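Text of upload.csv (CSV, C-alpha atoms) as supplied:
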chain,number,residue,atom,x,y,z
T,1,MET,CA,0.0,0.0,0.0
T,2,LEU,CA,1.3,3.4,-0.9
T,3,ARG,CA,0.4,6.5,1.2
T,4,HIS,CA,0.6,10.1,0.3
T,5,ALA,CA,-0.3,12.6,3.1
T,6,ILE,CA,0.3,16.3,3.3
T,7,ALA,CA,-0.1,17.9,6.8
T,8,PRO,CA,-2.5,20.9,6.6
T,9,SER,CA,-1.2,24.2,7.7
T,10,ALA,CA,-4.6,25.7,8.8
T,11,ARG,CA,-8.1,24.6,9.6
T,12,TYR,CA,-7.3,21.2,11.0
T,13,THR,CA,-8.2,19.3,14.2
T,14,LYS,CA,-5.7,17.4,16.4
T,15,ALA,CA,-7.1,14.0,16.9
T,16,SER,CA,-5.8,11.3,19.3
T,17,ASN,CA,-4.9,7.9,17.8
T,18,ASP,CA,-6.8,6.4,20.7
T,19,VAL,CA,-10.0,7.8,19.2
T,20,VAL,CA,-9.2,7.2,15.5
T,21,ARG,CA,-8.2,3.6,16.1
T,22,HIS,CA,-10.7,2.8,18.9
T,23,PRO,CA,-12.0,-0.7,18.2
T,24,ARG,CA,-15.3,-0.2,20.0
T,25,LEU,CA,-16.4,3.0,18.4
T,26,ASN,CA,-18.0,3.0,15.0
T,27,SER,CA,-17.4,5.6,12.3
T,28,ASP,CA,-20.4,7.8,13.3
T,29,ALA,CA,-19.2,8.0,16.9
T,30,LYS,CA,-15.6,9.0,15.8
T,31,ILE,CA,-16.8,11.5,13.2
T,32,LEU,CA,-19.2,13.1,15.8
T,33,LEU,CA,-16.4,13.3,18.4
T,34,LEU,CA,-13.9,14.8,16.0
T,35,TYR,CA,-16.5,17.3,14.7
T,36,VAL,CA,-17.4,18.6,18.1
T,37,GLN,CA,-13.7,18.7,19.1
T,38,GLY,CA,-12.9,21.0,16.1
T,39,LEU,CA,-15.7,23.5,16.8
T,40,PRO,CA,-14.8,27.0,18.1
T,41,GLY,CA,-15.7,28.0,21.6
T,42,ASP,CA,-18.8,30.0,20.7
T,43,ALA,CA,-20.3,27.1,18.6
T,44,THR,CA,-20.6,24.5,21.4
T,45,CYS,CA,-23.7,26.1,22.9
T,46,LYS,CA,-26.0,23.6,21.1
T,47,PRO,CA,-27.3,20.1,22.0
T,48,LEU,CA,-25.2,17.2,20.8
T,49,SER,CA,-28.2,16.0,18.7
T,50,GLU,CA,-28.3,19.3,16.7
T,51,LEU,CA,-24.6,19.1,16.0
T,52,ALA,CA,-24.9,15.5,14.9
T,53,ASN,CA,-27.7,16.5,12.5
T,54,LYS,CA,-25.3,18.9,10.7
T,55,VAL,CA,-23.0,16.0,9.8
T,56,GLY,CA,-25.8,13.7,8.7
T,57,ILE,CA,-26.0,11.5,11.8
T,58,LYS,CA,-29.7,11.2,12.7
T,59,GLY,CA,-32.2,9.0,14.3
T,60,ARG,CA,-31.1,5.5,15.2
T,61,ALA,CA,-27.5,6.1,14.0
T,62,TYR,CA,-27.2,9.0,16.4
T,63,GLN,CA,-28.6,7.1,19.3
T,64,LYS,CA,-26.1,4.2,18.6
T,65,ALA,CA,-23.1,6.6,18.3
T,66,LYS,CA,-24.0,8.5,21.4
T,67,GLY,CA,-24.5,5.2,23.4
T,68,GLN,CA,-21.0,4.1,22.5
T,69,LEU,CA,-19.5,7.5,23.4
T,70,VAL,CA,-21.3,7.4,26.8
T,71,GLU,CA,-20.3,3.8,27.4
T,72,HIS,CA,-16.6,4.5,26.9
T,73,GLY,CA,-16.5,7.8,28.8
T,74,TYR,CA,-16.4,10.3,26.0
T,75,VAL,CA,-19.8,11.8,26.7
T,76,HIS,CA,-21.4,12.5,30.1
T,77,GLU,CA,-24.8,14.0,31.0
T,78,ARG,CA,-26.3,15.3,34.2
T,79,ARG,CA,-29.9,16.5,34.8
T,80,SER,CA,-30.7,19.0,37.6
T,81,GLN,CA,-33.8,20.7,38.7
T,82,ALA,CA,-33.7,24.5,39.2
T,83,GLU,CA,-36.0,26.7,41.2
T,84,GLY,CA,-39.5,26.7,39.7
T,85,GLY,CA,-39.4,23.0,38.7
T,86,ARG,CA,-37.5,23.5,35.5
T,87,TRP,CA,-35.2,20.6,34.5
T,88,LEU,CA,-31.8,21.4,32.9
T,89,THR,CA,-29.5,18.9,31.1
T,90,ASP,CA,-25.7,19.5,31.0
T,91,GLN,CA,-23.7,17.6,28.4
T,92,LEU,CA,-19.9,17.1,28.6
T,93,VAL,CA,-17.9,15.9,25.5
T,94,ALA,CA,-14.3,15.0,26.1
T,95,ASN,CA,-11.6,13.8,23.7
T,96,THR,CA,-10.2,11.5,26.4
T,97,PRO,CA,-12.2,9.0,28.5
T,98,LEU,CA,-13.3,10.4,31.8
T,99,THR,CA,-14.8,8.6,34.8
T,100,GLY,CA,-18.0,9.7,36.4
T,101,GLU,CA,-16.3,11.5,39.3
T,102,GLN,CA,-14.0,13.4,36.9
T,103,ALA,CA,-16.9,14.5,34.8
T,104,LEU,CA,-18.9,15.5,37.8
T,105,ARG,CA,-16.1,17.9,38.9
T,106,LEU,CA,-16.1,19.5,35.5
T,107,LEU,CA,-19.8,19.9,35.1
T,108,ARG,CA,-21.2,23.2,36.3
T,109,PRO,CA,-23.4,23.4,39.4
T,110,PRO,CA,-27.2,23.7,39.1
T,111,ALA,CA,-28.5,27.1,38.2
T,112,PRO,CA,-29.8,29.1,41.2
T,113,SER,CA,-33.0,30.1,39.5
T,114,VAL,CA,-35.0,29.5,36.4
T,115,ALA,CA,-34.5,33.1,35.1
T,116,ALA,CA,-30.7,32.7,35.3
T,117,ALA,CA,-30.7,29.4,33.4
T,118,PRO,CA,-29.8,29.6,29.7
T,119,PRO,CA,-32.6,28.7,27.3
T,120,SER,CA,-30.6,25.9,25.5
T,121,THR,CA,-28.4,23.1,26.8
T,122,GLN,CA,-24.8,24.0,26.6
T,123,PHE,CA,-21.9,21.5,26.4
T,124,PRO,CA,-18.2,22.0,25.9
T,125,THR,CA,-15.4,20.2,24.1
T,126,VAL,CA,-12.8,19.0,26.5
T,127,GLY,CA,-9.5,19.4,24.9
T,128,GLU,CA,-5.8,19.9,25.9
T,129,PRO,CA,-4.5,21.0,28.3
T,130,THR,CA,-7.5,22.1,30.5
T,131,PRO,CA,-11.0,20.9,29.6
T,132,ARG,CA,-13.8,23.5,29.4
T,133,VAL,CA,-17.1,23.0,31.2
T,134,ALA,CA,-20.6,24.0,30.1
T,135,GLY,CA,-21.5,27.5,31.0
T,136,GLY,CA,-18.0,28.9,30.6
T,137,TYR,CA,-16.6,27.6,33.9
T,138,GLU,CA,-13.1,26.2,34.2
T,139,PRO,CA,-11.8,24.1,37.0
T,140,VAL,CA,-9.3,26.1,39.1
T,141,GLU,CA,-7.6,25.3,42.3
T,142,ASP,CA,-7.3,27.4,45.4
T,143,HIS,CA,-3.8,29.0,45.3
T,144,CYS,CA,-4.3,31.3,48.3
T,145,ASP,CA,-1.5,31.4,50.9
T,146,LYS,CA,-2.6,29.7,54.0
T,147,THR,CA,0.2,31.0,56.3
T,148,THR,CA,-0.6,33.0,59.5
T,149,PRO,CA,-1.7,36.5,58.5
T,150,HIS,CA,0.2,39.5,59.8
T,151,PRO,CA,-1.5,41.6,62.4
T,152,PRO,CA,-3.2,44.7,60.9
T,153,THR,CA,-1.1,47.8,61.1
T,154,GLU,CA,-2.7,51.0,62.5
T,155,PRO,CA,-2.7,54.1,60.4
T,156,GLU,CA,-0.6,57.0,61.4
T,157,PRO,CA,-2.5,59.8,63.2
T,158,ALA,CA,-3.4,62.8,61.0
T,159,PRO,CA,-1.8,66.1,61.8
T,160,GLY,CA,-3.6,68.0,64.5
T,161,SER,CA,-5.4,65.0,66.0
T,162,ALA,CA,-5.1,63.8,69.6
T,163,PRO,CA,-1.9,61.9,70.4
T,164,ARG,CA,-2.1,58.1,70.5
T,165,PRO,CA,-1.9,56.6,74.0
T,166,ALA,CA,1.2,54.8,74.9
T,167,PRO,CA,1.2,51.0,75.0
T,168,GLY,CA,0.0,49.7,78.4
T,169,SER,CA,-1.6,53.0,79.5
T,170,ALA,CA,-5.3,53.6,79.9
T,171,PRO,CA,-6.9,55.1,76.9
T,172,HIS,CA,-8.3,58.5,77.1
T,173,ARG,CA,-12.1,58.5,76.9
T,174,ALA,CA,-13.7,61.5,75.3
T,175,PRO,CA,-16.9,62.8,76.7
T,176,ALA,CA,-19.9,61.1,75.2
T,177,PRO,CA,-21.8,63.3,72.8
T,178,ALA,CA,-25.3,64.5,73.7
T,179,PRO,CA,-28.0,62.1,72.4
T,180,GLU,CA,-29.7,63.3,69.3
T,181,PRO,CA,-33.5,63.5,69.2
T,182,PRO,CA,-35.1,60.5,67.6
T,183,GLN,CA,-35.9,60.9,64.0
T,184,GLN,CA,-39.1,59.5,62.4
T,185,THR,CA,-38.3,56.9,59.8
T,186,SER,CA,-40.8,55.6,57.3
T,187,THR,CA,-41.0,51.9,57.1
T,188,PRO,CA,-40.5,50.8,53.4
T,189,PRO,CA,-43.5,49.0,52.0
T,190,SER,CA,-43.2,45.3,51.8
T,191,ARG,CA,-42.8,43.9,48.3
T,192,THR,CA,-44.5,40.7,47.3
T,193,PRO,CA,-42.2,38.4,45.3
T,194,THR,CA,-43.1,38.1,41.7
T,195,PRO,CA,-44.3,34.6,40.9
T,196,PRO,CA,-42.4,32.8,38.1
T,197,PRO,CA,-44.0,33.1,34.7
T,198,GLN,CA,-46.4,30.3,33.8
T,199,ALA,CA,-46.2,28.5,30.6
T,200,PRO,CA,-49.0,29.3,28.1
T,201,THR,CA,-51.7,26.8,27.8
T,202,ALA,CA,-51.9,24.7,24.6
T,203,ASN,CA,-55.3,26.1,23.6
T,204,PRO,CA,-56.0,29.5,25.1
T,205,GLN,CA,-59.4,29.8,23.4
T,206,ALA,CA,-62.2,28.0,25.1
T,207,PHE,CA,-63.6,25.6,22.5
T,208,THR,CA,-66.2,23.0,23.3
T,209,ALA,CA,-66.3,20.2,20.7
T,210,ASN,CA,-68.9,17.6,20.0
T,211,PRO,CA,-68.0,14.2,21.5
T,212,ALA,CA,-68.5,12.6,18.1
T,213,GLN,CA,-66.0,15.1,16.5
T,214,LEU,CA,-63.5,14.4,19.3
T,215,ALA,CA,-63.7,10.7,18.5
T,216,ARG,CA,-63.1,11.4,14.8
T,217,ALA,CA,-60.1,13.7,15.5
T,218,GLU,CA,-58.5,11.1,17.9
T,219,ARG,CA,-58.9,8.4,15.3
T,220,VAL,CA,-57.2,10.5,12.7
T,221,LEU,CA,-54.3,11.4,15.0
T,222,LEU,CA,-53.7,7.8,16.0
T,223,SER,CA,-53.7,6.7,12.3
T,224,LEU,CA,-50.8,9.0,11.4
T,225,ARG,CA,-48.2,6.5,12.7
T,226,HIS,CA,-49.1,4.2,9.8
T,227,THR,CA,-47.7,6.8,7.4
T,228,ARG,CA,-44.8,8.2,9.4
T,229,ARG,CA,-43.3,6.4,12.4
T,230,GLU,CA,-42.0,9.6,14.0
T,231,LEU,CA,-45.7,10.8,14.4
T,232,ARG,CA,-46.6,7.9,16.7
T,233,LEU,CA,-48.8,9.2,19.5
T,234,GLY,CA,-50.0,7.7,22.7
T,235,VAL,CA,-53.6,7.6,23.7
T,236,ALA,CA,-53.3,10.4,26.2
T,237,GLU,CA,-51.4,12.6,23.7
T,238,ALA,CA,-53.9,12.0,21.0
T,239,ARG,CA,-56.8,12.8,23.4
T,240,ASP,CA,-55.1,16.2,24.3
T,241,LEU,CA,-54.7,17.1,20.6
T,242,ALA,CA,-58.2,16.0,19.7
T,243,VAL,CA,-59.7,19.2,21.0
T,244,GLU,CA,-57.7,21.3,18.6
T,245,ALA,CA,-58.2,18.9,15.7
T,246,ALA,CA,-62.0,18.7,16.3
T,247,GLU,CA,-62.1,22.5,15.6
T,248,TRP,CA,-61.1,21.6,12.0
T,249,PHE,CA,-64.3,19.6,11.6
T,250,GLU,CA,-66.4,22.4,13.1
T,251,ARG,CA,-65.1,24.6,10.3
T,252,GLY,CA,-66.0,22.3,7.5
T,253,ALA,CA,-62.8,20.3,7.0
T,254,SER,CA,-62.9,16.6,6.3
T,255,GLU,CA,-60.7,13.8,7.7
T,256,ALA,CA,-58.7,13.8,4.4
T,257,ASP,CA,-58.1,17.5,4.7
T,258,LEU,CA,-56.8,17.2,8.2
T,259,ARG,CA,-54.6,14.2,7.4
T,260,HIS,CA,-53.1,16.0,4.4
T,261,ALA,CA,-52.3,19.1,6.4
T,262,LEU,CA,-50.5,17.2,9.1
T,263,LEU,CA,-48.5,14.9,6.7
T,264,ALA,CA,-47.6,17.4,3.9
T,265,GLU,CA,-44.3,19.2,3.7
T,266,ARG,CA,-42.1,17.1,5.9
T,267,PRO,CA,-39.4,19.3,7.6
T,268,GLN,CA,-35.8,18.7,6.4
T,269,GLU,CA,-34.4,18.7,9.9
T,270,GLY,CA,-36.7,16.0,11.0
T,271,ILE,CA,-39.3,15.8,13.8
T,272,ARG,CA,-38.1,15.8,17.4
T,273,SER,CA,-41.5,15.9,19.2
T,274,ALA,CA,-44.6,14.5,17.5
T,275,VAL,CA,-46.9,16.4,20.0
T,276,GLY,CA,-45.2,19.7,19.4
T,277,PHE,CA,-45.0,19.3,15.6
T,278,LEU,CA,-48.7,18.3,15.3
T,279,ARG,CA,-49.9,21.1,17.7
T,280,TYR,CA,-47.9,23.6,15.6
T,281,ARG,CA,-49.5,22.3,12.4
T,282,LEU,CA,-53.0,22.4,13.9
T,283,HIS,CA,-52.7,26.0,14.8
T,284,ARG,CA,-50.8,27.3,11.8
T,285,LYS,CA,-53.0,25.5,9.1
T,286,LEU,CA,-56.3,26.0,10.8
T,287,PRO,CA,-58.8,26.8,8.1
T,288,GLU,CA,-60.9,30.0,8.2
T,289,PRO,CA,-64.4,29.8,9.7
T,290,PRO,CA,-67.2,29.3,7.3
T,291,VAL,CA,-68.8,32.5,6.1
T,292,GLN,CA,-72.3,33.1,7.4
T,293,HIS,CA,-74.4,34.4,4.5
T,294,GLN,CA,-77.1,36.8,5.5
T,295,PRO,CA,-80.6,35.9,4.1
T,296,CYS,CA,-81.9,38.3,1.4
T,297,GLU,CA,-84.7,40.5,2.6
T,298,ARG,CA,-87.8,40.3,0.4
T,299,PRO,CA,-89.4,43.6,-0.5
T,300,PRO,CA,-92.8,44.3,1.1
T,301,LEU,CA,-95.9,43.3,-0.9
T,302,PRO,CA,-97.8,46.1,-2.5
T,303,GLU,CA,-101.2,47.1,-1.1
T,304,LEU,CA,-104.5,45.8,-2.5
T,305,VAL,CA,-106.3,48.2,-4.8
T,306,GLU,CA,-109.7,48.0,-6.5
T,307,CYS,CA,-109.7,47.0,-10.2
T,308,SER,CA,-111.0,49.7,-12.6
T,309,GLY,CA,-112.2,47.1,-15.2
T,310,PRO,CA,-115.8,46.2,-16.0
T,311,GLY,CA,-117.8,43.9,-13.9
T,312,GLU,CA,-118.3,43.6,-10.2
T,313,PRO,CA,-115.9,45.6,-7.9
T,314,HIS,CA,-113.0,43.4,-6.8
T,315,LEU,CA,-109.5,43.9,-5.4
T,316,PHE,CA,-106.1,42.8,-6.7
T,317,ARG,CA,-102.4,43.4,-5.9
T,318,PRO,CA,-100.7,45.3,-8.6
T,319,MET,CA,-97.1,44.4,-9.4
T,320,PHE,CA,-96.0,47.3,-11.7
T,321,GLY,CA,-98.6,50.0,-10.9
T,322,GLU,CA,-101.3,48.7,-13.3
T,323,SER,CA,-105.0,49.7,-12.6
T,324,GLU,CA,-106.7,46.5,-13.9
T,325,CYS,CA,-106.4,43.0,-12.7
T,326,PRO,CA,-104.9,40.3,-15.0
T,327,SER,CA,-108.3,38.8,-15.8
T,328,CYS,CA,-109.7,42.1,-17.0
T,329,ARG,CA,-106.7,42.8,-19.1
T,330,ARG,CA,-106.9,39.4,-20.7
T,331,ALA,CA,-110.6,39.8,-21.5
T,332,ALA,CA,-110.0,43.3,-23.1
T,333,ALA,CA,-107.2,41.8,-25.2
T,334,GLU,CA,-109.5,39.0,-26.5
T,335,ALA,CA,-112.4,41.5,-27.3
T,336,GLU,CA,-110.2,43.6,-29.7
T,337,PRO,CA,-111.0,43.0,-33.5
T,338,GLU,CA,-108.6,41.2,-35.6
T,339,PRO,CA,-106.3,43.5,-37.6
T,340,LEU,CA,-107.2,44.3,-41.2
T,341,PRO,CA,-105.4,42.5,-44.0
T,342,TRP,CA,-102.7,44.5,-45.7
T,343,ARG,CA,-104.6,44.9,-48.9
T,344,GLU,CA,-107.5,46.6,-47.1
T,345,ARG,CA,-105.1,48.8,-45.1
T,346,ILE,CA,-103.4,50.0,-48.3
T,347,ALA,CA,-106.7,50.7,-50.0
T,348,LEU,CA,-107.9,52.6,-46.9
T,349,ILE,CA,-104.8,54.7,-47.0
T,350,ASN,CA,-105.0,55.4,-50.7
T,351,GLY,CA,-108.8,55.9,-50.7
T,352,THR,CA,-109.4,53.2,-53.4
T,353,PRO,CA,-111.8,50.2,-53.2
T,354,ALA,CA,-110.4,47.1,-51.6
T,355,VAL,CA,-109.6,44.2,-54.0
T,356,SER,CA,-109.9,40.7,-52.8
T,357,PRO,CA,-107.3,38.1,-53.5
T,358,ALA,CA,-109.6,36.2,-55.9
T,359,GLU,CA,-110.2,39.4,-58.0
T,360,ALA,CA,-106.6,40.1,-58.1

Rewrite the structure of this file - the entire thing - as C-alpha cells.
Amino acid sequence: MLRHAIAPSARYTKASNDVVRHPRLNSDAKILLLYVQGLPGDATCKPLSELANKVGIKGRAYQKAKGQLVEHGYVHERRSQAEGGRWLTDQLVANTPLTGEQALRLLRPPAPSVAAAPPSTQFPTVGEPTPRVAGGYEPVEDHCDKTTPHPPTEPEPAPGSAPRPAPGSAPHRAPAPAPEPPQQTSTPPSRTPTPPPQAPTANPQAFTANPAQLARAERVLLSLRHTRRELRLGVAEARDLAVEAAEWFERGASEADLRHALLAERPQEGIRSAVGFLRYRLHRKLPEPPVQHQPCERPPLPELVECSGPGEPHLFRPMFGESECPSCRRAAAEAEPEPLPWRERIALINGTPAVSPAEA
C-alpha cells in the first residue's frame, strides 16, 4: 500500500490515535467526536443531537453513536432541577475518556433560578490541556496562601489629631456626645415576590367540541403512525390534541383535509417531538371559519287596490302599478277586433276600393 499525506497548515483538528483507532467506536461516533472537538468555543452552545444532525447523523444512527460514546467515557450528562421546577441537562464531551467522578467535577453546578438558566443546553469540548465546562466555567484550584496572616497595622495619626496613647496606659475617653432627638423613619412598603411566569396553555381559546367530533379527531391522529413512524402518539397525547383537531371539523374540513395538512411538507431537519409538531401544524394551518351568509330580505308586498275594469268591484295586488287585474286585461285583449289585411289597409290609406285576392 502506498500512502501520500500532506499535513495541513490551517483549519485542522488534532485527533488522538486512541480515538481514531478505537475498536469499540463506529465511524459515526468517531466523526461526531472529532467534529465537536474541532468547533470553536462559541459554537458549542447547542445540544449534541443538533450538532450531529449537521454532519448527517440522525435517528437510530445518532442514538447508537451516542450510546458508544457514553459507554466508553467520552460523553457525560447530568440532569438537575432548578427553582420553579425547570429541568436542565448538562452535556460534557471529552476527547479523552473520563470517569463519572472526573466528569462530575467538571460539570457546572445547578443554576440558582429559572431566570438565570440559559434557554438551551450547553456543552463544551474538553481538549488539551485544560477541559472546558458547560456555562463557561473552568476548574481552578485554590492557590491562596494559608500562612498565618500578619496583624493589621494601625494608620498614622493625622496632623492636628489627639496623640495616640502609649502601650500599656489607659486610653483617654472623650466625653460622650449628647443624644440626638429620635428621627421619624418611614417603614418601606413590603414587596410581594413576583411569581415565576407560567407556561402558556396549549389552547388559550375556550372551545367545546362535540364528542363525536372528538372521537373522529382522535382516530385520525392515531392513524398518522401508519404513514410516518415519527408521528406515533400515545392515547393520552392524541386525546389532548383531539380538542384542537376537532375544531377543523367544526369549520367544515374533512378527515382527508386534516390528514393531508398534518403529513404534507415534511421538515428537512426531522421531527423531534410529535406532539409539538402536530400542535404547531394544527394552529398554523387551521382553516378559516365558514362565512355566514345573510338571508336576502324580500321587498314588502304592495297594497291591495280596486280594479278599474268592467264587472263587479274586486281587489287585486298590482305588481308594476297597473290599474286593472290580469283577468280584465286578458278579456280586453281577446275582445279587440282582428287586424285588417294588408290589402284593405293599403286601400284605406289610398282611398281606393279594396280588392280581394280572388279578384286580383

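The space separating CA of Ala246 in chain T from CA of Glu269 in chain T comes to 28.3 Å.
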
Would you pick out the contacts of range 67-82 of chain T at 7 Å or less, using all atoms listed in the file, so that residues sharing its chain but fewer than 3 positions from it are not included, and give the list as a ChimeraX atom specification?
/T:25,29,63-64,85-99,103,110-114

With distances taken over only C-alpha atoms, which residue among T:Leu104, T:Ser254, T:Ser16, T:Gly270 lies nearest Lys54 in chain T?
T:Gly270

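Here CA of Gly252 in chain T is placed at a distance of 15.0 Å from CA of His293 in chain T.
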
Would you mind listing what lies within 10 Å of Gly59 in chain T as a VMD selection string, with only C-alpha atoms counted and same-chain residues fewer than 5 positions away left out?
chain T and resid 49 52 to 53 64 230 270 to 272

Write a file of the just-selected residues containing C-alpha atoms, as a compact mmCIF listing (two decimals), in the frame of the given file.
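Done, and the output landed in again.txt:
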# COMPACT_ATOMS: atom_id res chain seq x y z
CA SER T 49 -28.20 16.00 18.70
CA ALA T 52 -24.90 15.50 14.90
CA ASN T 53 -27.70 16.50 12.50
CA LYS T 64 -26.10 4.20 18.60
CA GLU T 230 -42.00 9.60 14.00
CA GLY T 270 -36.70 16.00 11.00
CA ILE T 271 -39.30 15.80 13.80
CA ARG T 272 -38.10 15.80 17.40

Kindly indicate which residue among T:Pro290, T:Pro267, T:Gly276, T:Pro40 lies nearest to Ala253 in chain T, using all atoms listed in the file for the distances.
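Once distances to Ala253 in chain T are computed over all atoms listed in the file, the minimum belongs to T:Pro290.
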
In terms of the shortest atom-to-atom distance over only C-alpha atoms, which of T:Pro318, T:Ala332, T:Val275, T:Thr208 is closest to Val243 in chain T?
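Smallest separation from Val243 in chain T among the options: T:Thr208.
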
Taking all atoms listed in the file into account, name the residue in T:Leu278, T:Val55, T:Ala65, T:Leu39 that is nearest to Arg24 in chain T.
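Closest to Arg24 in chain T, using all atoms listed in the file: T:Ala65.
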
Exercise: residues within 12 Å of coordinate (-54.8, 11.7, 21.8), counting all atoms listed in the file, as a ChimeraX atom specification
/T:214-224,231-246,274-275,278-279

Save out the residues we just selected, C-alpha atoms, as a short mmCIF file (atom, residue, chain, number, x, y, z; two decimals), keeping the file's coordinate frame.
data_model
loop_
_atom_site.label_atom_id
_atom_site.label_comp_id
_atom_site.auth_asym_id
_atom_site.auth_seq_id
_atom_site.Cartn_x
_atom_site.Cartn_y
_atom_site.Cartn_z
CA LEU T 214 -63.50 14.40 19.30
CA ALA T 215 -63.70 10.70 18.50
CA ARG T 216 -63.10 11.40 14.80
CA ALA T 217 -60.10 13.70 15.50
CA GLU T 218 -58.50 11.10 17.90
CA ARG T 219 -58.90 8.40 15.30
CA VAL T 220 -57.20 10.50 12.70
CA LEU T 221 -54.30 11.40 15.00
CA LEU T 222 -53.70 7.80 16.00
CA SER T 223 -53.70 6.70 12.30
CA LEU T 224 -50.80 9.00 11.40
CA LEU T 231 -45.70 10.80 14.40
CA ARG T 232 -46.60 7.90 16.70
CA LEU T 233 -48.80 9.20 19.50
CA GLY T 234 -50.00 7.70 22.70
CA VAL T 235 -53.60 7.60 23.70
CA ALA T 236 -53.30 10.40 26.20
CA GLU T 237 -51.40 12.60 23.70
CA ALA T 238 -53.90 12.00 21.00
CA ARG T 239 -56.80 12.80 23.40
CA ASP T 240 -55.10 16.20 24.30
CA LEU T 241 -54.70 17.10 20.60
CA ALA T 242 -58.20 16.00 19.70
CA VAL T 243 -59.70 19.20 21.00
CA GLU T 244 -57.70 21.30 18.60
CA ALA T 245 -58.20 18.90 15.70
CA ALA T 246 -62.00 18.70 16.30
CA ALA T 274 -44.60 14.50 17.50
CA VAL T 275 -46.90 16.40 20.00
CA LEU T 278 -48.70 18.30 15.30
CA ARG T 279 -49.90 21.10 17.70
#
